[in-house]
Amino acid sequence: YSSANLSVVVTEKLKLPKPVSFLKLRGSWAGVGSGGTTPYLTSFAYSPTLFPGGLTNPSAIANPELKALLTRSVELGLDVRFLKNRIGLDVAVYRNNTSNQIFAVPIDRSSGYSATIANAGLVTNKGIEVQLNGDIIKTKKGLRWNVFATYYANRNKVVELVDGVDVYVMSTGPANRGSVEARPGGRMGDMYGIGYERSPDGQIVYNSQGLPMRTTEIKYLGNTNPDWKGSFGTEL
C-alpha cells in the first residue's frame with residue numbers, strides 16, 4: 001500500500017512576525033488495507049461447535065476472490081508556536097474513504113447457507129483534531145508549569161452498502177428491542193428500536209397508569225458515537 005507525505009518549516013523559509021517562533025505545514029496521503037480477524041473467509045472450512053472436537057458445516061459461502069478492506073486518507077495540518085515556544089497549537093483535518101468492506105450478505109436459507117461473504121460498501125469519515133498547550137511558568141532554574149487541552153470531532157457517513165441490502169444490522173440489544181444498524185445516508189453507530197411516544201412539543205406521553213407509552217414501530221434513537229471528545233490537563 002502506497003503513501004506519501006510532504007512538510008515544510010515555513011519559519012526557515014520566510015521571515016515571520018517576531019511572536020511566531022515556529023510554523024510547520026504538512027500534508028499526507030495514504031492507503032491502508034485490513035482483513036479483519038475472522039479466518040477462513042476465502043475457502044470452505046468447518047466451524048467449531050459447543051461440543052469439544054465437534055465440527056459443523058459453515059453457515060456462510062466463502063469467497064476466494066475476497067479483497068482486503070481499503071482505506072484511503074488525506075490529512076492536512078499545521079504546527080505553530082509562539083513567544084519562544086511557550087504557546088503551541090497543532091491542528092489537523094482529515095478525510096478517509098473506506099471501501100471493499102467485508103460483509104456477510106444474507107441469502108435464501110433454502111441454499112443451505114444463511115449468508116455469502118462479499119466486498120461492498122463505502123463509508124466516509126472527516127474530522128478535525130486540535131491540541132493546544134502553553135507554559136504558564138517557565139524559569140531558567142527548571143521550574144515549569146504546563147497546561148494542555150485537546151479537541152477531536154469526527155463525522156462519518158454510510159454512502160452505500162451491498163447491492164440489494166438497505167439495512168445492515170451490526171449488533172442487537174436484549175430481546176431484540178434495539179439494534180445498531182448501518183443504512184445508506186446514515187452514520188455508523190446509528191441505533192434503532194422501540195422508543196417513547198412523544199407529544200408535538202417533544203414531551204413523553206404517559207398512559208392512565210402513569211407509565212410512559214412505547215411506540216409500536218421501530219424508530220431512530222440516536223448514535224453510539226460522541227459528537228466530540230476533549231481533554232484538559234496540566235504538568236508541573
# chains A, B, ... in the order shown; residues from 1 in each chain; ligands from 1
>>> residues_around(residues="Leu211 (chain A)", least_positions_apart="6", cutoff="12 Å", atoms="only C-alpha atoms", output="compact mmCIF listing (two decimals) with C-alpha atoms, in the first residue's frame")
# COMPACT_ATOMS: atom_id res chain seq x y z
CA TYR A 196 -41.38 6.52 23.67
CA GLU A 197 -44.44 8.23 22.26
CA ILE A 204 -43.03 11.92 26.66
CA VAL A 205 -46.66 10.73 26.60
>>> residues_around(residues="Ile117 (chain A)", least_positions_apart="3", cutoff="6 Å", atoms="only C-alpha atoms", output="PyMOL selection string")
chain A and resi 62-63+103-104
>>> atom_distance(atom1="CA of Asp227 (chain A)", atom2="CA of Asp166 (chain A)")
24.8 Å
>>> select_by_dssp(residues="region 71-133 of chain A", states="strand (DSSP E)", output="short mmCIF file (atom, residue, chain, number, x, y, z; two decimals) with N, CA and C atoms, in the first residue's frame")
data_model
loop_
_atom_site.label_atom_id
_atom_site.label_comp_id
_atom_site.auth_asym_id
_atom_site.auth_seq_id
_atom_site.Cartn_x
_atom_site.Cartn_y
_atom_site.Cartn_z
N THR A 71 -8.69 1.57 3.01
CA THR A 71 -8.96 2.93 3.49
C THR A 71 -7.96 3.89 2.86
N ARG A 72 -8.47 4.89 2.17
CA ARG A 72 -7.63 5.94 1.60
C ARG A 72 -7.87 7.22 2.40
N SER A 73 -6.81 7.84 2.85
CA SER A 73 -6.94 9.01 3.72
C SER A 73 -6.08 10.16 3.23
N VAL A 74 -6.59 11.37 3.45
CA VAL A 74 -5.87 12.61 3.16
C VAL A 74 -5.89 13.45 4.43
N GLU A 75 -4.74 13.99 4.82
CA GLU A 75 -4.65 14.81 6.03
C GLU A 75 -3.82 16.05 5.78
N LEU A 76 -4.30 17.17 6.29
CA LEU A 76 -3.58 18.44 6.24
C LEU A 76 -3.44 18.96 7.66
N GLY A 77 -2.29 19.56 7.98
CA GLY A 77 -2.12 20.04 9.34
C GLY A 77 -1.10 21.15 9.44
N LEU A 78 -1.09 21.79 10.60
CA LEU A 78 -0.10 22.81 10.89
C LEU A 78 0.32 22.73 12.35
N ASP A 79 1.57 23.11 12.58
CA ASP A 79 2.14 23.16 13.93
C ASP A 79 2.74 24.55 14.09
N VAL A 80 2.17 25.35 14.97
CA VAL A 80 2.64 26.72 15.15
C VAL A 80 2.90 26.97 16.63
N ARG A 81 4.00 27.69 16.91
CA ARG A 81 4.37 28.01 18.28
C ARG A 81 4.69 29.50 18.39
N PHE A 82 4.38 30.03 19.56
CA PHE A 82 4.53 31.47 19.78
C PHE A 82 5.38 31.75 21.02
N ILE A 87 3.84 28.87 23.82
CA ILE A 87 2.47 28.52 23.44
C ILE A 87 2.52 27.75 22.13
N GLY A 88 1.84 26.62 22.09
CA GLY A 88 1.83 25.79 20.90
C GLY A 88 0.42 25.40 20.47
N LEU A 89 0.22 25.31 19.16
CA LEU A 89 -1.07 24.92 18.60
C LEU A 89 -0.83 23.96 17.45
N ASP A 90 -1.49 22.81 17.51
CA ASP A 90 -1.39 21.81 16.44
C ASP A 90 -2.80 21.49 15.97
N VAL A 91 -3.04 21.67 14.67
CA VAL A 91 -4.37 21.44 14.09
C VAL A 91 -4.22 20.51 12.90
N ALA A 92 -5.10 19.52 12.81
CA ALA A 92 -5.10 18.58 11.68
C ALA A 92 -6.54 18.34 11.24
N VAL A 93 -6.75 18.33 9.93
CA VAL A 93 -8.05 17.97 9.35
C VAL A 93 -7.82 16.78 8.42
N TYR A 94 -8.81 15.89 8.34
CA TYR A 94 -8.62 14.68 7.55
C TYR A 94 -9.92 14.24 6.89
N ARG A 95 -9.75 13.39 5.89
CA ARG A 95 -10.89 12.75 5.24
C ARG A 95 -10.47 11.33 4.85
N ASN A 96 -11.26 10.34 5.26
CA ASN A 96 -10.99 8.94 4.97
C ASN A 96 -12.15 8.34 4.18
N ASN A 97 -11.82 7.55 3.17
CA ASN A 97 -12.82 6.78 2.43
C ASN A 97 -12.50 5.30 2.60
N THR A 98 -13.43 4.55 3.17
CA THR A 98 -13.23 3.12 3.41
C THR A 98 -14.14 2.32 2.48
N SER A 99 -13.53 1.49 1.63
CA SER A 99 -14.29 0.71 0.66
C SER A 99 -13.90 -0.77 0.77
N ASN A 100 -14.55 -1.60 -0.04
CA ASN A 100 -14.30 -3.05 -0.03
C ASN A 100 -14.47 -3.66 1.35
N GLN A 101 -15.45 -3.16 2.10
CA GLN A 101 -15.69 -3.74 3.42
C GLN A 101 -16.21 -5.17 3.26
N ILE A 102 -15.87 -6.00 4.25
CA ILE A 102 -16.21 -7.41 4.18
C ILE A 102 -17.55 -7.64 4.89
N PHE A 103 -18.56 -8.06 4.12
CA PHE A 103 -19.91 -8.27 4.63
C PHE A 103 -20.30 -9.74 4.54
N ALA A 104 -21.12 -10.17 5.49
CA ALA A 104 -21.82 -11.45 5.38
C ALA A 104 -23.23 -11.12 4.90
N VAL A 105 -23.44 -11.21 3.59
CA VAL A 105 -24.69 -10.79 2.97
C VAL A 105 -25.74 -11.89 3.11
N PRO A 106 -26.90 -11.60 3.72
CA PRO A 106 -27.94 -12.63 3.88
C PRO A 106 -28.44 -13.15 2.54
N ALA A 115 -25.73 -16.90 4.53
CA ALA A 115 -25.09 -15.68 4.03
C ALA A 115 -23.98 -16.05 3.05
N THR A 116 -23.52 -15.05 2.33
CA THR A 116 -22.35 -15.19 1.47
C THR A 116 -21.39 -14.04 1.76
N ILE A 117 -20.10 -14.30 1.71
CA ILE A 117 -19.10 -13.29 2.02
C ILE A 117 -18.83 -12.45 0.77
N ALA A 118 -18.86 -11.13 0.92
CA ALA A 118 -18.66 -10.25 -0.24
C ALA A 118 -17.99 -8.94 0.17
N ASN A 119 -17.33 -8.33 -0.81
CA ASN A 119 -16.78 -6.98 -0.65
C ASN A 119 -17.80 -5.98 -1.15
N ALA A 120 -18.06 -4.96 -0.38
CA ALA A 120 -19.00 -3.93 -0.81
C ALA A 120 -18.95 -2.78 0.18
N GLY A 121 -19.69 -1.73 -0.14
CA GLY A 121 -19.87 -0.63 0.79
C GLY A 121 -18.83 0.47 0.66
N LEU A 122 -19.23 1.64 1.09
CA LEU A 122 -18.34 2.81 1.14
C LEU A 122 -18.76 3.67 2.32
N VAL A 123 -17.81 3.95 3.20
CA VAL A 123 -18.04 4.80 4.37
C VAL A 123 -17.01 5.94 4.34
N THR A 124 -17.47 7.17 4.53
CA THR A 124 -16.56 8.31 4.57
C THR A 124 -16.47 8.85 5.99
N ASN A 125 -15.29 9.29 6.36
CA ASN A 125 -15.05 9.93 7.65
C ASN A 125 -14.29 11.23 7.41
N LYS A 126 -14.70 12.28 8.09
CA LYS A 126 -13.95 13.52 8.04
C LYS A 126 -13.99 14.15 9.43
N GLY A 127 -12.91 14.80 9.79
CA GLY A 127 -12.87 15.34 11.14
C GLY A 127 -11.73 16.32 11.34
N ILE A 128 -11.59 16.74 12.59
CA ILE A 128 -10.58 17.71 12.97
C ILE A 128 -10.00 17.32 14.33
N GLU A 129 -8.72 17.54 14.51
CA GLU A 129 -8.04 17.31 15.77
C GLU A 129 -7.26 18.57 16.13
N VAL A 130 -7.44 19.03 17.35
CA VAL A 130 -6.77 20.26 17.80
C VAL A 130 -6.08 19.99 19.13
N GLN A 131 -4.85 20.43 19.25
CA GLN A 131 -4.11 20.33 20.51
C GLN A 131 -3.49 21.69 20.83
N LEU A 132 -3.74 22.19 22.02
CA LEU A 132 -3.23 23.49 22.46
C LEU A 132 -2.48 23.29 23.77
N ASN A 133 -1.30 23.88 23.88
CA ASN A 133 -0.55 23.79 25.12
C ASN A 133 0.19 25.10 25.36
#
>>> residues_around(residues="Lys13 (chain A)", least_positions_apart="5", cutoff="12 Å", atoms="only C-alpha atoms", output="PyMOL selection string")
chain A and resi 8+22-25
>>> closest_residue(among="A:Met188, A:Asp135, A:Pro200, A:Val20", to="Leu161 (chain A)", atoms="only C-alpha atoms")
A:Met188
>>> select_by_dssp(residues="region 59-217 of chain A", states="helix (DSSP H, G or I)", output="ChimeraX atom specification")
/A:109-111,174-176
>>> write_last_selection(atoms="N, CA and C atoms", output="mmCIF file, in the first residue's frame")
data_model
loop_
_atom_site.group_PDB
_atom_site.id
_atom_site.type_symbol
_atom_site.label_atom_id
_atom_site.label_comp_id
_atom_site.auth_asym_id
_atom_site.auth_seq_id
_atom_site.Cartn_x
_atom_site.Cartn_y
_atom_site.Cartn_z
ATOM 1 N N ARG A 109 -32.156 -19.120 2.738
ATOM 2 C CA ARG A 109 -31.673 -20.270 3.505
ATOM 3 C C ARG A 109 -31.932 -21.599 2.808
ATOM 4 N N SER A 110 -32.781 -21.597 1.774
ATOM 5 C CA SER A 110 -33.006 -22.847 1.037
ATOM 6 C C SER A 110 -31.744 -23.276 0.296
ATOM 7 N N SER A 111 -30.765 -22.368 0.179
ATOM 8 C CA SER A 111 -29.499 -22.697 -0.462
ATOM 9 C C SER A 111 -28.621 -23.562 0.436
ATOM 10 N N PRO A 174 -30.844 -6.524 24.150
ATOM 11 C CA PRO A 174 -31.620 -7.574 24.826
ATOM 12 C C PRO A 174 -33.008 -7.725 24.214
ATOM 13 N N ALA A 175 -33.395 -8.976 23.990
ATOM 14 C CA ALA A 175 -34.720 -9.310 23.457
ATOM 15 C C ALA A 175 -34.986 -8.651 22.106
ATOM 16 N N ASN A 176 -33.916 -8.303 21.395
ATOM 17 C CA ASN A 176 -34.032 -7.683 20.068
ATOM 18 C C ASN A 176 -34.883 -6.415 20.073
#
>>> residues_around(residues="Lys138 (chain A)", least_positions_apart="2", cutoff="12 Å", atoms="only C-alpha atoms", output="PDB file with C-alpha atoms, in the first residue's frame")
ATOM      1  CA  LEU A  83       6.607  33.504  22.250  1.00  0.00           C
ATOM      2  CA  LYS A  84       9.755  31.374  22.129  1.00  0.00           C
ATOM      3  CA  ASN A  85       7.766  28.120  22.087  1.00  0.00           C
ATOM      4  CA  ARG A  86       5.796  28.921  25.248  1.00  0.00           C
ATOM      5  CA  ILE A  87       2.468  28.519  23.440  1.00  0.00           C
ATOM      6  CA  GLY A 134       1.157  26.600  26.988  1.00  0.00           C
ATOM      7  CA  ASP A 135       3.748  27.197  29.671  1.00  0.00           C
ATOM      8  CA  ILE A 136       2.199  29.231  32.476  1.00  0.00           C
ATOM      9  CA  LYS A 140      15.775  29.319  33.985  1.00  0.00           C
ATOM     10  CA  LYS A 141      16.148  27.134  37.101  1.00  0.00           C
ATOM     11  CA  GLY A 142      13.949  24.447  35.553  1.00  0.00           C
ATOM     12  CA  LEU A 143      10.571  25.178  37.140  1.00  0.00           C
ATOM     13  CA  ARG A 144       7.896  24.604  34.525  1.00  0.00           C
ATOM     14  CA  TRP A 145       4.111  24.552  34.738  1.00  0.00           C
ATOM     15  CA  ASN A 146       2.393  23.498  31.518  1.00  0.00           C
ATOM     16  CA  VAL A 147      -1.311  23.213  30.687  1.00  0.00           C
ATOM     17  CA  GLU A 235       2.020  19.167  34.179  1.00  0.00           C
ATOM     18  CA  LEU A 236       4.317  20.590  36.838  1.00  0.00           C
TER      19      LEU A 236
END
>>> atom_distance(atom1="CA of Pro19 (chain A)", atom2="CA of Tyr151 (chain A)")
24.3 Å
>>> atom_distance(atom1="CA of Ala68 (chain A)", atom2="CA of Gly35 (chain A)")
5.1 Å
>>> decode(residues="region 52-83 of chain A", atoms="N, CA, C and O atoms", output="short mmCIF file (atom, residue, chain, number, x, y, z; two decimals), in the first residue's frame")
data_model
loop_
_atom_site.label_atom_id
_atom_site.label_comp_id
_atom_site.auth_asym_id
_atom_site.auth_seq_id
_atom_site.Cartn_x
_atom_site.Cartn_y
_atom_site.Cartn_z
N PRO A 52 -16.76 -30.30 22.53
CA PRO A 52 -15.31 -30.46 22.28
C PRO A 52 -15.04 -31.39 21.09
O PRO A 52 -15.54 -32.52 21.03
N GLY A 53 -14.27 -30.88 20.13
CA GLY A 53 -13.94 -31.68 18.95
C GLY A 53 -15.02 -31.73 17.91
O GLY A 53 -14.84 -32.35 16.85
N GLY A 54 -16.16 -31.08 18.15
CA GLY A 54 -17.26 -31.10 17.20
C GLY A 54 -17.09 -30.07 16.10
O GLY A 54 -16.59 -28.97 16.33
N LEU A 55 -17.54 -30.42 14.89
CA LEU A 55 -17.46 -29.51 13.75
C LEU A 55 -18.78 -29.54 13.00
O LEU A 55 -19.51 -30.55 13.03
N THR A 56 -19.09 -28.46 12.32
CA THR A 56 -20.32 -28.37 11.54
C THR A 56 -20.03 -27.63 10.24
O THR A 56 -19.00 -26.95 10.11
N ASN A 57 -20.91 -27.77 9.29
CA ASN A 57 -20.75 -27.06 8.02
C ASN A 57 -20.81 -25.55 8.25
O ASN A 57 -21.53 -25.08 9.14
N PRO A 58 -20.10 -24.76 7.47
CA PRO A 58 -20.13 -23.30 7.64
C PRO A 58 -21.50 -22.75 7.27
O PRO A 58 -22.23 -23.34 6.47
N SER A 59 -21.85 -21.63 7.88
CA SER A 59 -23.15 -21.01 7.61
C SER A 59 -23.08 -19.99 6.48
O SER A 59 -24.11 -19.52 6.00
N ALA A 60 -21.85 -19.62 6.06
CA ALA A 60 -21.68 -18.62 5.00
C ALA A 60 -20.82 -19.18 3.88
O ALA A 60 -19.90 -19.99 4.12
N ILE A 61 -21.13 -18.77 2.66
CA ILE A 61 -20.37 -19.21 1.49
C ILE A 61 -19.08 -18.41 1.40
O ILE A 61 -19.09 -17.17 1.38
N ALA A 62 -17.94 -19.11 1.37
CA ALA A 62 -16.64 -18.44 1.29
C ALA A 62 -16.47 -17.75 -0.07
O ALA A 62 -17.13 -18.11 -1.05
N ASN A 63 -15.58 -16.79 -0.12
CA ASN A 63 -15.33 -16.01 -1.34
C ASN A 63 -13.85 -16.05 -1.67
O ASN A 63 -13.05 -15.33 -1.07
N PRO A 64 -13.42 -16.88 -2.62
CA PRO A 64 -11.99 -16.97 -2.96
C PRO A 64 -11.45 -15.70 -3.59
O PRO A 64 -10.23 -15.51 -3.65
N GLU A 65 -12.33 -14.82 -4.07
CA GLU A 65 -11.90 -13.57 -4.70
C GLU A 65 -11.97 -12.39 -3.72
O GLU A 65 -11.91 -11.22 -4.13
N LEU A 66 -12.06 -12.69 -2.43
CA LEU A 66 -12.22 -11.65 -1.43
C LEU A 66 -11.00 -10.71 -1.42
O LEU A 66 -9.85 -11.16 -1.48
N LYS A 67 -11.27 -9.42 -1.33
CA LYS A 67 -10.22 -8.41 -1.29
C LYS A 67 -10.11 -7.82 0.12
O LYS A 67 -11.06 -7.89 0.91
N ALA A 68 -8.97 -7.25 0.41
CA ALA A 68 -8.79 -6.58 1.70
C ALA A 68 -9.57 -5.29 1.74
O ALA A 68 -9.71 -4.58 0.74
N LEU A 69 -10.11 -4.98 2.91
CA LEU A 69 -10.74 -3.67 3.13
C LEU A 69 -9.70 -2.59 2.85
O LEU A 69 -8.53 -2.73 3.22
N LEU A 70 -10.09 -1.52 2.19
CA LEU A 70 -9.14 -0.48 1.79
C LEU A 70 -9.60 0.88 2.32
O LEU A 70 -10.75 1.29 2.11
N THR A 71 -8.69 1.57 3.01
CA THR A 71 -8.96 2.93 3.49
C THR A 71 -7.96 3.89 2.86
O THR A 71 -6.74 3.70 3.00
N ARG A 72 -8.47 4.89 2.17
CA ARG A 72 -7.63 5.94 1.60
C ARG A 72 -7.87 7.22 2.40
O ARG A 72 -9.02 7.61 2.62
N SER A 73 -6.81 7.84 2.85
CA SER A 73 -6.94 9.01 3.72
C SER A 73 -6.08 10.16 3.23
O SER A 73 -4.99 9.97 2.68
N VAL A 74 -6.59 11.37 3.45
CA VAL A 74 -5.87 12.61 3.16
C VAL A 74 -5.89 13.45 4.43
O VAL A 74 -6.95 13.59 5.06
N GLU A 75 -4.74 13.99 4.82
CA GLU A 75 -4.65 14.81 6.03
C GLU A 75 -3.82 16.05 5.78
O GLU A 75 -2.77 16.00 5.13
N LEU A 76 -4.30 17.17 6.29
CA LEU A 76 -3.58 18.44 6.24
C LEU A 76 -3.44 18.96 7.66
O LEU A 76 -4.37 18.82 8.47
N GLY A 77 -2.29 19.56 7.98
CA GLY A 77 -2.12 20.04 9.34
C GLY A 77 -1.10 21.15 9.44
O GLY A 77 -0.35 21.44 8.49
N LEU A 78 -1.09 21.79 10.60
CA LEU A 78 -0.10 22.81 10.89
C LEU A 78 0.32 22.73 12.35
O LEU A 78 -0.45 22.33 13.22
N ASP A 79 1.57 23.11 12.58
CA ASP A 79 2.14 23.16 13.93
C ASP A 79 2.74 24.55 14.09
O ASP A 79 3.69 24.90 13.39
N VAL A 80 2.17 25.35 14.97
CA VAL A 80 2.64 26.72 15.15
C VAL A 80 2.90 26.97 16.63
O VAL A 80 2.16 26.51 17.49
N ARG A 81 4.00 27.69 16.91
CA ARG A 81 4.37 28.01 18.28
C ARG A 81 4.69 29.50 18.39
O ARG A 81 5.22 30.10 17.45
N PHE A 82 4.38 30.03 19.56
CA PHE A 82 4.53 31.47 19.78
C PHE A 82 5.38 31.75 21.02
O PHE A 82 5.54 30.90 21.89
N LEU A 83 5.91 32.99 21.07
CA LEU A 83 6.61 33.50 22.25
C LEU A 83 7.70 32.55 22.73
O LEU A 83 7.69 32.08 23.87
#
